[in-house]
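Asker: Here's a structure for you.
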Amino acid sequence: MGSSQSRPETTSESSTTPTTTKNTTSSINNKAKKQPPKNETGYDKATRICRKKKKLYDACYTAQLSDKEENCEELFETYRNCFMRVMHKDMAKRGVKISENSMIGEYKEDVADEDDNI
């Protein structure tokens, strides 16, 4: 009955050959050429641009929590400056008024003071 029906034979060649070679290769190439979103602004843009600096700071902070003597202040300042720089530039580009009392306003003043000292 059902077991007496014949099945097509498969050769060892067809079972060992990968059928998704083109898809795998194209997905790898797409990851390497990934472009940032066109309408990305603000927090998302700053997070993407500064992610390597944050990763370094997070690793240092984790090591510091495990009783290793690590000084992460410089890494934090590097990450903070990156984040604030990207946010400031993005807000200026979009025409958003930056309050002097905000963190970005304070960063803007600090940068202006540093430029005056140079």
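Letters for chains follow the order of the structure tokens (A, B, ...), residue numbers begin at 1 for each chain, and ligand numbers begin at 1 in the order shown.
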Hey, what's within 8 Å of segment 47-51 of chain A if we count only C-alpha atoms and toss same-chain stuff fewer than 4 positions away? As a ChimeraX atom specification, please?
Answerer: /A:43,55,79,82-83,86
Asker: Calculated over only C-alpha atoms, which of the candidates A:Lys54, A:Asn71, A:His88, A:Ser66 has the smallest distance to Glu109 of chain A?
Answerer: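 Looking only at the distances to Glu109 of chain A, the closest residue turns out to be A:His88.
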Asker: Taking only C-alpha atoms into account, name the residue in A:Leu75, A:Ala46, A:Val96, A:Met103 that is nearest to Asp58 of chain A.
Answerer: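 Closest candidate: A:Leu75.
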Asker: One decimal, Å: what's the distance from atom CA of Glu77 of chain A over to atom CA of Lys97 of chain A, could you say?
Answerer: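 Atom CA of Lys97 of chain A lies at a distance of 24.4 Å from atom CA of Glu77 of chain A.
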